[in-house]
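Colleague: Pasting model.cif here (mmCIF, C-alpha atoms):
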data_my_file
loop_
_atom_site.label_atom_id
_atom_site.label_comp_id
_atom_site.auth_asym_id
_atom_site.auth_seq_id
_atom_site.Cartn_x
_atom_site.Cartn_y
_atom_site.Cartn_z
CA MET Q 295 19.01 -361.41 96.39
CA GLU Q 296 15.81 -363.44 96.98
CA GLY Q 297 13.95 -360.46 98.42
CA SER Q 298 15.24 -357.94 95.86
CA SER Q 299 12.96 -356.34 93.32
CA ASP Q 300 12.99 -357.46 89.69
CA GLY Q 301 14.68 -354.21 88.71
CA VAL Q 302 17.61 -354.78 91.10
CA ILE Q 303 18.11 -358.35 89.87
CA VAL Q 304 17.90 -357.36 86.20
CA ALA Q 305 20.53 -354.67 86.81
CA ARG Q 306 22.85 -357.26 88.41
CA VAL Q 307 22.44 -359.65 85.48
CA LEU Q 308 23.12 -356.84 83.02
CA ARG Q 309 26.36 -356.11 84.89
CA GLY Q 310 27.44 -359.66 84.09
CA ASP Q 311 26.26 -361.64 87.14
CA VAL Q 312 24.61 -364.53 85.25
CA GLU Q 313 23.89 -366.67 88.32
CA VAL Q 314 21.48 -364.11 89.78
CA PHE Q 315 19.13 -364.85 86.87
CA ARG Q 316 18.21 -368.02 88.76
CA VAL Q 317 16.26 -365.85 91.26
CA LEU Q 318 13.99 -364.68 88.44
CA VAL Q 319 13.58 -368.25 87.21
CA ASN Q 320 12.49 -369.31 90.70
CA ARG Q 321 10.21 -366.33 91.10
CA TYR Q 322 8.12 -366.83 87.94
CA ARG Q 323 8.59 -370.50 87.06
CA ASP Q 324 5.65 -372.07 88.90
CA ARG Q 325 2.92 -369.61 87.97
CA TYR Q 326 3.93 -369.40 84.34
CA ALA Q 327 4.35 -373.17 84.06
CA ARG Q 328 0.67 -373.44 84.99
CA TYR Q 329 -0.34 -371.06 82.15
CA ALA Q 330 1.84 -372.87 79.61
CA PHE Q 331 0.45 -376.25 80.71
CA HIS Q 332 -3.17 -375.14 80.36
CA MET Q 333 -2.43 -373.49 77.06
CA LEU Q 334 -0.53 -376.40 75.49
CA GLY Q 335 -2.14 -379.35 77.28
CA ASN Q 336 0.97 -381.29 78.24
CA ARG Q 337 4.02 -380.86 80.43
CA GLU Q 338 6.65 -381.50 77.79
CA ASP Q 339 5.50 -378.67 75.50
CA ALA Q 340 4.80 -376.42 78.50
CA GLU Q 341 8.36 -376.79 79.82
CA GLU Q 342 9.79 -376.24 76.36
CA ALA Q 343 7.80 -373.00 75.96
CA LEU Q 344 8.74 -371.82 79.45
CA GLN Q 345 12.44 -372.62 79.06
CA ASP Q 346 12.43 -370.89 75.71
CA ALA Q 347 10.75 -367.82 77.23
CA PHE Q 348 13.36 -367.59 80.01
CA THR Q 349 16.32 -367.94 77.65
CA ARG Q 350 14.87 -365.42 75.17
CA ALA Q 351 14.24 -363.03 78.06
CA TYR Q 352 17.86 -363.42 79.19
CA ARG Q 353 19.22 -362.87 75.69
CA SER Q 354 17.17 -359.68 75.22
CA LEU Q 355 17.30 -358.43 78.80
CA ALA Q 356 18.81 -355.12 77.75
CA ARG Q 357 15.64 -354.52 75.69
CA CYS Q 358 13.35 -354.87 78.74
CA GLU Q 359 11.93 -351.34 78.90
CA ASP Q 360 10.77 -351.50 82.52
CA PRO Q 361 12.96 -353.94 84.53
CA GLU Q 362 10.73 -353.52 87.60
CA ARG Q 363 7.98 -355.19 85.55
CA PHE Q 364 10.22 -357.99 84.28
CA GLY Q 365 7.50 -360.53 85.16
CA ALA Q 366 4.93 -358.91 82.87
CA TRP Q 367 7.50 -358.70 80.05
CA LEU Q 368 8.45 -362.35 80.51
CA PHE Q 369 4.76 -363.31 80.47
CA ARG Q 370 4.32 -361.54 77.14
CA ILE Q 371 7.21 -363.56 75.71
CA LEU Q 372 5.70 -366.75 77.12
CA VAL Q 373 2.26 -366.03 75.63
CA ASN Q 374 3.93 -365.66 72.24
CA ARG Q 375 6.02 -368.80 72.67
CA CYS Q 376 2.86 -370.74 73.55
CA ARG Q 377 1.19 -369.44 70.38
CA THR Q 378 4.14 -370.49 68.24
CA LEU Q 379 4.50 -373.88 69.87
CA GLY Q 380 0.72 -374.44 69.84
CA ALA Q 381 0.60 -373.72 66.12
CA ARG Q 382 3.49 -376.11 65.50
CA ARG Q 383 1.86 -378.76 67.69
CA GLY Q 384 -1.42 -378.27 65.80
CA ARG Q 385 0.34 -379.54 62.71
CA ARG Q 386 1.36 -382.71 64.53
CA ALA Q 387 -1.06 -385.40 65.64
CA ARG Q 388 -3.05 -384.06 68.57
CA THR Q 389 -2.39 -385.77 71.85
CA PHE Q 390 -3.92 -385.15 75.22
CA VAL Q 391 -1.97 -385.95 78.33
CA VAL Q 392 -3.71 -385.82 81.66
CA ASP Q 393 -1.72 -384.36 84.53
CA GLU Q 394 -2.07 -387.44 86.70
CA VAL Q 395 -0.02 -386.17 89.64
CA ALA Q 396 -2.05 -382.98 89.94
CA MET Q 397 -5.25 -384.94 89.69
CA LEU Q 398 -4.26 -387.27 92.50
CA GLU Q 399 -3.20 -384.40 94.74
CA ALA Q 400 -6.39 -382.48 94.05
CA ALA Q 401 -8.44 -385.38 95.37
CA GLU Q 402 -9.99 -384.74 98.78
CA ASP Q 403 -13.40 -386.03 99.90
CA HIS Q 404 -14.61 -387.70 96.74
CA PRO Q 405 -11.57 -388.52 94.65
CA ALA Q 406 -13.42 -390.18 91.79
CA GLU Q 407 -15.84 -387.28 91.22
CA ARG Q 408 -13.20 -384.60 91.70
CA ASN Q 409 -10.78 -386.28 89.32
CA ALA Q 410 -13.46 -386.75 86.71
CA TRP Q 411 -14.50 -383.10 86.96
CA ARG Q 412 -10.93 -381.84 86.71
CA GLU Q 413 -10.22 -384.19 83.84
CA GLU Q 414 -13.29 -382.93 81.99
CA ILE Q 415 -12.18 -379.33 82.51
CA ASP Q 416 -8.72 -380.06 81.09
CA ARG Q 417 -10.27 -381.95 78.21
CA GLY Q 418 -12.81 -379.18 77.55
CA LEU Q 419 -10.08 -376.54 77.63
CA GLN Q 420 -8.09 -378.37 74.97
CA LYS Q 421 -11.19 -378.56 72.76
CA LEU Q 422 -11.40 -374.76 72.59
CA ARG Q 423 -9.83 -372.89 69.70
CA ALA Q 424 -6.36 -371.70 70.72
CA ASP Q 425 -7.27 -368.00 70.59
CA GLN Q 426 -10.38 -368.61 72.72
CA ARG Q 427 -8.42 -370.75 75.20
CA GLU Q 428 -5.79 -368.02 75.49
CA ALA Q 429 -8.40 -365.31 76.12
CA PHE Q 430 -10.26 -367.47 78.66
CA LEU Q 431 -7.08 -368.30 80.62
CA LEU Q 432 -5.90 -364.69 80.68
CA LYS Q 433 -9.30 -363.47 81.86
CA TYR Q 434 -10.39 -366.12 84.31
CA VAL Q 435 -7.22 -367.83 85.51
CA GLU Q 436 -4.61 -365.07 85.28
CA ASP Q 437 -7.28 -362.54 86.31
CA LEU Q 438 -6.25 -359.83 83.84
CA GLY Q 439 -8.48 -356.94 82.79
CA TYR Q 440 -9.41 -356.56 79.13
CA ASP Q 441 -7.09 -353.57 78.69
CA GLU Q 442 -4.13 -355.55 80.04
CA MET Q 443 -5.08 -358.49 77.82
CA SER Q 444 -5.22 -356.20 74.82
CA GLN Q 445 -1.76 -354.78 75.58
CA LEU Q 446 -0.38 -358.26 76.08
CA THR Q 447 -1.83 -359.90 72.98
CA GLY Q 448 -2.12 -356.98 70.56
CA VAL Q 449 -5.78 -357.92 70.02
CA GLY Q 450 -8.59 -355.36 70.43
CA VAL Q 451 -10.77 -355.36 73.54
CA SER Q 452 -14.03 -356.13 71.72
CA ALA Q 453 -12.45 -359.10 69.90
CA LEU Q 454 -11.12 -360.39 73.24
CA LYS Q 455 -14.56 -360.08 74.85
CA MET Q 456 -16.01 -362.06 71.98
CA ARG Q 457 -13.36 -364.78 72.37
CA VAL Q 458 -13.98 -365.05 76.12
CA MET Q 459 -17.74 -365.22 75.59
CA ARG Q 460 -17.38 -367.94 72.95
CA ALA Q 461 -14.97 -369.88 75.20
CA CYS Q 462 -17.47 -369.72 78.08
CA ASP Q 463 -20.34 -370.83 75.84
CA ARG Q 464 -18.31 -373.76 74.55
CA LEU Q 465 -17.12 -374.82 77.99
CA ARG Q 466 -20.65 -374.57 79.32
CA GLU Q 467 -21.84 -376.73 76.47
CA LEU Q 468 -19.06 -379.29 77.01
CA LEU Q 469 -19.17 -379.42 80.80
CA SER Q 470 -22.78 -378.78 81.85
CA GLU Q 471 -23.64 -382.43 82.01
CA VAL Q 472 -20.66 -383.40 84.15
CA HIS Q 473 -21.06 -380.33 86.36
CA SER Q 474 -24.69 -380.95 87.19
CA ALA Q 475 -24.15 -384.70 87.77
CA MET Z 267 -28.33 -368.04 79.95
CA ARG Z 268 -25.32 -366.05 78.76
CA ASN Z 269 -23.56 -364.80 81.83
CA ASP Z 270 -19.75 -365.15 81.78
CA ASP Z 271 -19.41 -364.71 85.50
CA ASP Z 272 -21.70 -367.51 86.49
CA GLY Z 273 -20.81 -370.04 89.16
CA MET Z 274 -19.71 -372.69 86.73
CA MET Z 275 -17.03 -370.48 85.15
CA LYS Z 276 -15.81 -369.46 88.60
CA GLU Z 277 -15.58 -373.09 89.60
CA ILE Z 278 -13.63 -373.92 86.43
CA ALA Z 279 -11.28 -371.00 87.09
CA ARG Z 280 -10.79 -372.12 90.69
CA GLN Z 281 -9.79 -375.58 89.53
CA LEU Z 282 -7.42 -374.20 86.91
CA ARG Z 283 -5.77 -371.80 89.37
CA ALA Z 284 -4.62 -374.71 91.53
CA PRO Z 285 -0.82 -374.97 91.33
CA LEU Z 286 0.61 -377.84 89.30
CA SER Z 287 2.30 -380.46 91.39
CA PRO Z 288 5.18 -380.51 90.74
CA PRO Z 289 5.11 -377.26 88.70
CA VAL Z 290 8.03 -378.34 86.50
CA SER Z 291 10.43 -381.26 86.42
CA GLY Z 292 13.27 -381.20 88.95
CA SER Z 293 15.96 -380.37 86.40
CA PHE Z 294 14.18 -377.32 84.96
CA ASP Z 295 16.20 -374.61 86.73
CA ALA Z 296 19.46 -376.37 85.92
CA ARG Z 297 18.52 -376.65 82.25
CA VAL Z 298 17.60 -372.96 81.99
CA MET Z 299 20.77 -371.85 83.79
CA SER Z 300 22.94 -374.15 81.71
CA GLU Z 301 21.52 -372.65 78.51
CA VAL Z 302 21.87 -369.12 79.88
CA ARG Z 303 25.53 -369.70 80.85
CA ARG Z 304 26.29 -370.75 77.27
CA MET Z 305 25.02 -367.39 75.97
CA PRO Z 306 27.22 -364.30 75.80
CA ARG Z 307 27.38 -362.65 79.20
CA HIS Z 308 25.76 -359.23 79.45
CA SER Z 309 28.58 -356.77 79.56
CA ARG Z 310 27.52 -353.42 81.03
CA PHE Z 311 30.53 -352.27 83.08
CA ARG Z 312 32.40 -355.50 82.26
CA LEU Z 313 35.36 -353.70 80.70
CA TRP Z 314 35.77 -351.49 83.80
CA SER Z 315 35.53 -354.54 86.03
CA ARG Z 316 38.18 -356.39 83.97
CA LEU Z 317 40.51 -353.41 84.10
CA THR Z 318 40.19 -352.96 87.85
CA THR Z 319 40.17 -356.61 89.02
CA PRO Z 320 43.65 -358.07 89.81
CA ARG Z 321 44.40 -361.21 87.78
CA THR Z 322 47.25 -363.72 87.50
CA VAL Z 323 48.71 -363.89 84.00
CA THR Z 324 50.70 -366.95 82.85
CA VAL Z 325 53.05 -366.51 79.88
CA ILE Z 326 53.78 -369.58 77.73
CA PRO Z 327 56.87 -369.35 75.41
CA LEU Z 328 54.79 -370.52 72.46
CA SER Z 329 52.48 -367.56 73.01
CA TRP Z 330 55.31 -365.17 71.99
CA GLY Z 331 55.23 -366.79 68.55
CA LEU Z 332 51.49 -366.19 68.39
CA VAL Z 333 51.99 -362.58 69.47
CA ALA Z 334 54.56 -362.08 66.70
CA ALA Z 335 52.21 -363.66 64.15
CA SER Z 336 49.39 -361.39 65.35
CA ILE Z 337 51.58 -358.29 64.99
CA ALA Z 338 52.48 -359.33 61.44
CA LEU Z 339 48.78 -359.91 60.67
CA PHE Z 340 47.85 -356.46 62.02
CA ALA Z 341 50.60 -354.91 59.92
CA VAL Z 342 49.15 -356.54 56.78
CA ILE Z 343 45.59 -355.47 57.70
CA GLY Z 344 46.88 -351.93 58.38
CA ALA Z 345 48.50 -351.79 54.95
CA ILE Z 346 45.26 -352.97 53.29
CA ARG Z 347 43.24 -350.37 55.21
CA ALA Z 348 45.70 -347.63 54.21
CA PHE Z 349 45.25 -348.68 50.56
CA ASP Z 350 41.44 -348.52 51.05
CA ASP Z 351 41.76 -345.04 52.55
CA ILE Z 352 43.66 -343.84 49.52
CA GLN Z 353 40.89 -345.24 47.33
CA VAL Z 354 38.20 -343.56 49.47
CA ALA Z 355 40.09 -340.25 49.34
CA THR Z 356 40.28 -340.35 45.54
CA LYS Z 357 36.69 -341.50 45.10
CA PRO Z 358 35.05 -338.02 45.13
CA MET Z 359 37.39 -336.95 42.34
CA VAL Z 360 36.61 -340.10 40.36
CA THR Z 361 32.88 -339.59 40.99
CA ALA Z 362 33.11 -335.99 39.81
CA LEU Z 363 34.93 -336.96 36.63
CA PHE Z 364 32.87 -340.09 35.91
CA PRO Z 365 29.42 -339.70 37.56
CA SER Z 366 27.82 -343.06 38.41
CA THR Z 367 24.34 -343.91 37.18
CA SER Z 368 23.48 -345.63 40.50
CA ALA Z 369 24.29 -342.92 43.06
CA PRO Z 370 23.08 -343.59 46.67
CA LYS Z 371 19.51 -342.45 47.18
CA PRO Z 372 19.23 -339.43 49.49
CA PRO Z 373 17.04 -339.70 52.62
CA GLN Z 374 13.52 -338.33 52.18
CA ARG Z 375 11.76 -335.83 54.45
CA VAL Z 376 8.89 -337.58 56.23
CA GLN Z 377 6.33 -335.89 58.44
CA PHE Z 378 5.27 -337.78 61.59
CA VAL Z 379 2.11 -336.59 63.36
CA LEU Z 380 0.59 -337.76 66.66
CA VAL Z 381 -2.34 -336.39 68.63
CA ALA Z 382 -1.39 -336.59 72.31
CA PRO Z 383 -3.13 -333.83 74.31
CA ASP Z 384 -1.60 -334.82 77.67
CA ALA Z 385 1.98 -335.35 76.46
CA LYS Z 386 4.88 -333.21 77.60
CA LYS Z 387 7.33 -334.69 75.12
CA VAL Z 388 6.91 -336.77 71.95
CA SER Z 389 9.82 -338.41 70.12
CA VAL Z 390 9.98 -340.60 67.02
CA VAL Z 391 12.17 -343.70 67.30
CA GLY Z 392 12.88 -346.24 64.61
CA ASP Z 393 15.46 -348.40 62.92
CA PHE Z 394 16.52 -345.24 61.03
CA ASN Z 395 17.73 -343.47 64.20
CA GLY Z 396 18.87 -346.41 66.30
CA TRP Z 397 15.64 -346.33 68.38
CA ASP Z 398 17.18 -343.37 70.19
CA VAL Z 399 14.53 -341.48 72.13
CA ASP Z 400 16.82 -338.47 72.53
CA HIS Z 401 17.89 -338.16 68.88
CA ALA Z 402 17.81 -334.39 68.25
CA GLY Z 403 16.36 -334.51 64.75
CA TYR Z 404 13.35 -336.61 65.73
CA GLN Z 405 11.81 -334.60 68.58
CA ALA Z 406 8.21 -333.61 67.73
CA GLN Z 407 7.03 -330.06 68.41
CA HIS Z 408 3.63 -329.22 69.89
CA ARG Z 409 1.60 -327.48 67.18
CA GLY Z 410 -1.41 -326.69 69.41
CA GLY Z 411 -4.59 -328.61 70.13
CA GLY Z 412 -2.65 -331.66 71.30
CA VAL Z 413 -1.09 -332.17 67.84
CA TRP Z 414 2.63 -333.02 67.79
CA SER Z 415 4.63 -333.28 64.61
CA VAL Z 416 8.14 -333.42 63.25
CA THR Z 417 9.50 -333.64 59.72
CA ALA Z 418 12.69 -335.68 59.67
CA PRO Z 419 14.96 -337.44 57.18
CA VAL Z 420 14.33 -341.17 56.64
CA PRO Z 421 16.37 -343.30 54.21
CA VAL Z 422 14.60 -344.86 51.23
CA GLY Z 423 13.33 -348.35 52.06
CA HIS Z 424 11.19 -350.27 54.56
CA HIS Z 425 11.35 -349.17 58.20
CA ARG Z 426 9.80 -349.81 61.59
CA TYR Z 427 9.14 -346.99 64.00
CA SER Z 428 7.10 -345.83 66.97
CA PHE Z 429 6.28 -342.69 68.92
CA VAL Z 430 7.53 -342.44 72.51
CA VAL Z 431 5.47 -340.17 74.74
CA ASP Z 432 7.16 -338.62 77.79
CA ASP Z 433 10.18 -340.93 77.38
CA SER Z 434 8.19 -343.92 78.64
CA VAL Z 435 5.03 -344.82 76.71
CA TRP Z 436 5.48 -346.40 73.27
CA VAL Z 437 2.62 -345.55 70.94
CA ALA Z 438 2.19 -347.03 67.47
CA ASP Z 439 1.28 -344.52 64.75
CA PRO Z 440 -2.53 -344.73 64.45
CA THR Z 441 -2.33 -343.79 60.77
CA ALA Z 442 0.23 -346.44 59.75
CA PRO Z 443 0.14 -350.23 59.30
CA ARG Z 444 1.30 -352.09 62.40
CA VAL Z 445 3.91 -354.76 62.75
CA VAL Z 446 4.01 -356.94 65.85
CA ASP Z 447 7.38 -358.13 67.04
CA ASN Z 448 6.27 -361.64 67.88
CA ASP Z 449 9.06 -362.35 70.32
CA TYR Z 450 8.61 -359.36 72.53
CA GLY Z 451 5.00 -358.39 71.89
CA VAL Z 452 5.90 -354.83 70.97
CA THR Z 453 3.69 -353.27 68.30
CA ASN Z 454 5.57 -350.93 65.98
CA SER Z 455 4.44 -349.06 62.89
CA ALA Z 456 5.67 -349.77 59.39
CA ILE Z 457 6.62 -347.26 56.71
CA VAL Z 458 7.89 -347.57 53.15
CA VAL Z 459 9.86 -344.52 52.02
CA GLN Z 460 10.22 -344.03 48.28
CA GLU Z 461 12.46 -341.69 46.35
CA GLN Z 462 10.71 -338.52 45.16
CA LYS Z 463 10.68 -338.34 41.37
#
Now that the file is in, can you turn its structure into structure tokens?
Modeller:
Amino acid sequence: MEGSSDGVIVARVLRGDVEVFRVLVNRYRDRYARYAFHMLGNREDAEEALQDAFTRAYRSLARCEDPERFGAWLFRILVNRCRTLGARRGRRARTFVVDEVAMLEAAEDHPAERNAWREEIDRGLQKLRADQREAFLLKYVEDLGYDEMSQLTGVGVSALKMRVMRACDRLRELLSEVHSA
Amino acid sequence: MRNDDDGMMKEIARQLRAPLSPPVSGSFDARVMSEVRRMPRHSRFRLWSRLTTPRTVTVIPLSWGLVAASIALFAVIGAIRAFDDIQVATKPMVTALFPSTSAPKPPQRVQFVLVAPDAKKVSVVGDFNGWDVDHAGYQAQHRGGGVWSVTAPVPVGHHRYSFVVDDSVWVADPTAPRVVDNDYGVTNSAIVVQEQK
């Protein structure tokens, strides 16, 4: 089942084979965990959003219009879960948790400088407005085109371009000093 | 300098594309699967599979009592339903003799129009026709110049709907307010149908 297409796996799950859903979890978990982490800023919320997205996708699997593109459909659910959770989190006290393990592993020649740079990026990202952070991550990290982003978020292309531009300006402002050091 | 594709943004993106290590906690898959197993199993073809798969059946004496109680319960429900049927059968006569002031509102004729020059088929789907793309009464006709339209009955009230082009592409009505289904990211159109005076 590991090498089967999304459509084949979705069909099996819809026939009642629950356990095969694990293949889809394995297939999309890592990449989407990264998006949720960058969007929400900490692992706990990221895992909650991702788990929620998988279980909602399972519950509504029969509504997936194009099972071969299950991944894109799941991502759309995740983007919405991150928005909801981010809004809820915004009402709580803001906390920032650095991904220490990732920082240590990213260290190569100059651990101190590399860690500081990565830490500043994470910190800068969390200082962006949520809609700007979302647009920036979809454009630069997930590498989506503006049309795809528009379909995914329901936001117009020109508004998305504006959000990305503002996110870049803000990041440049926040990170220029550290970057040039 | 305002250039979104400058080296600094690329460097930031490169850093952010690095995989998380570990991506999720070790128990993540187990937690998802445990939650999924608790949900109702999807059941396409399940009835056929149950009917054709050999199974061992154990009969407990007490269960015969339960079976008898169930039969009695069904008999009572059947009697109640029969009484309801008699009431339903006599209702038109009662309605004719004593017309009600709050009769059900009849569906209204609503015209749906979409400009889709390249389409080969345009359907209207909504909560009023079970989102059925093949519903006979909701198939738009090509009126020339890429204009498709259909006039179809829609019950009085609030509804969500969408056009489906060539059985595959969902298109929100450009002339109607939009409603985003936040869970699934689908954008539908909204309509309020009122009774004609």
Colleague: Please list as a PyMOL selection string every residue within 12 Å of range 439-453 of chain Q, counting all atoms listed in the file and excluding residues in the same chain fewer than 6 positions away.
Modeller: (chain Q and resi 366-377+425-426+428-433+459-460) or (chain Z and resi 436-438+444-454)
Colleague: When distances are computed from only C-alpha atoms, which of Z:Ala385, Z:Leu380, Z:Val435, Z:Val459 shows the smallest separation from Val399 in chain Z?
Modeller: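 Checking each of Z:Ala385, Z:Leu380, Z:Val435, Z:Val459 against Val399 in chain Z, counting only C-alpha atoms, the winner is Z:Val435.
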Colleague: What's around Asp384 in chain Z at 10 Å? Count only C-alpha atoms, leave out sequence neighbours fewer than 3 positions away in its own chain, and write the answer as a list in words.
Modeller: Val381, Lys387, Gly412, Val431 and Asp432 of chain Z
Colleague: Identify which of the residues Z:Pro285, Z:Gly273, Z:Gly411, Z:Gly423 lies closest to chain Q, counting all atoms listed in the file when measuring atom-to-atom distances.
Modeller: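 Of Z:Pro285, Z:Gly273, Z:Gly411, Z:Gly423, the one nearest chain Q, counting all atoms listed in the file, is Z:Pro285.
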Colleague: Expand the PyMOL selection byres ((chain Q) within 8 of (chain Z)) into the individual residues it matches in the shown file, reporting them as a ChimeraX atom specification.
Modeller: /Q:307-310,312-313,315-316,319-320,323-325,327-328,332,337,341,345,348-349,352-353,367,370-371,374-375,395-396,399,412,415,434-436,446-448,459,462-463,466,473
Colleague: Report the distance between CA of Asn395 in chain Z and CA of Pro419 in chain Z in Å, rounded to one decimal place.
Modeller: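 CA of Pro419 in chain Z lies at a distance of 9.7 Å from CA of Asn395 in chain Z.
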Colleague: Hey, can you check how far CA of Leu465 in chain Q sits from CA of Gly418 in chain Q?
Modeller: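 Straight-line distance from CA of Leu465 in chain Q to CA of Gly418 in chain Q works out to 6.1 Å.
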Colleague: Box for range 307-326 of chain Q: with edges along x, y and z, all listed atoms inside and 5 Å added on each side, what are the centre and edge lengths in Å to one decimal, as AutoDock Vina command-line options?
Modeller:
--center_x 15.2 --center_y -364.1 --center_z 87.1 --size_x 34.5 --size_y 26.0 --size_z 18.2
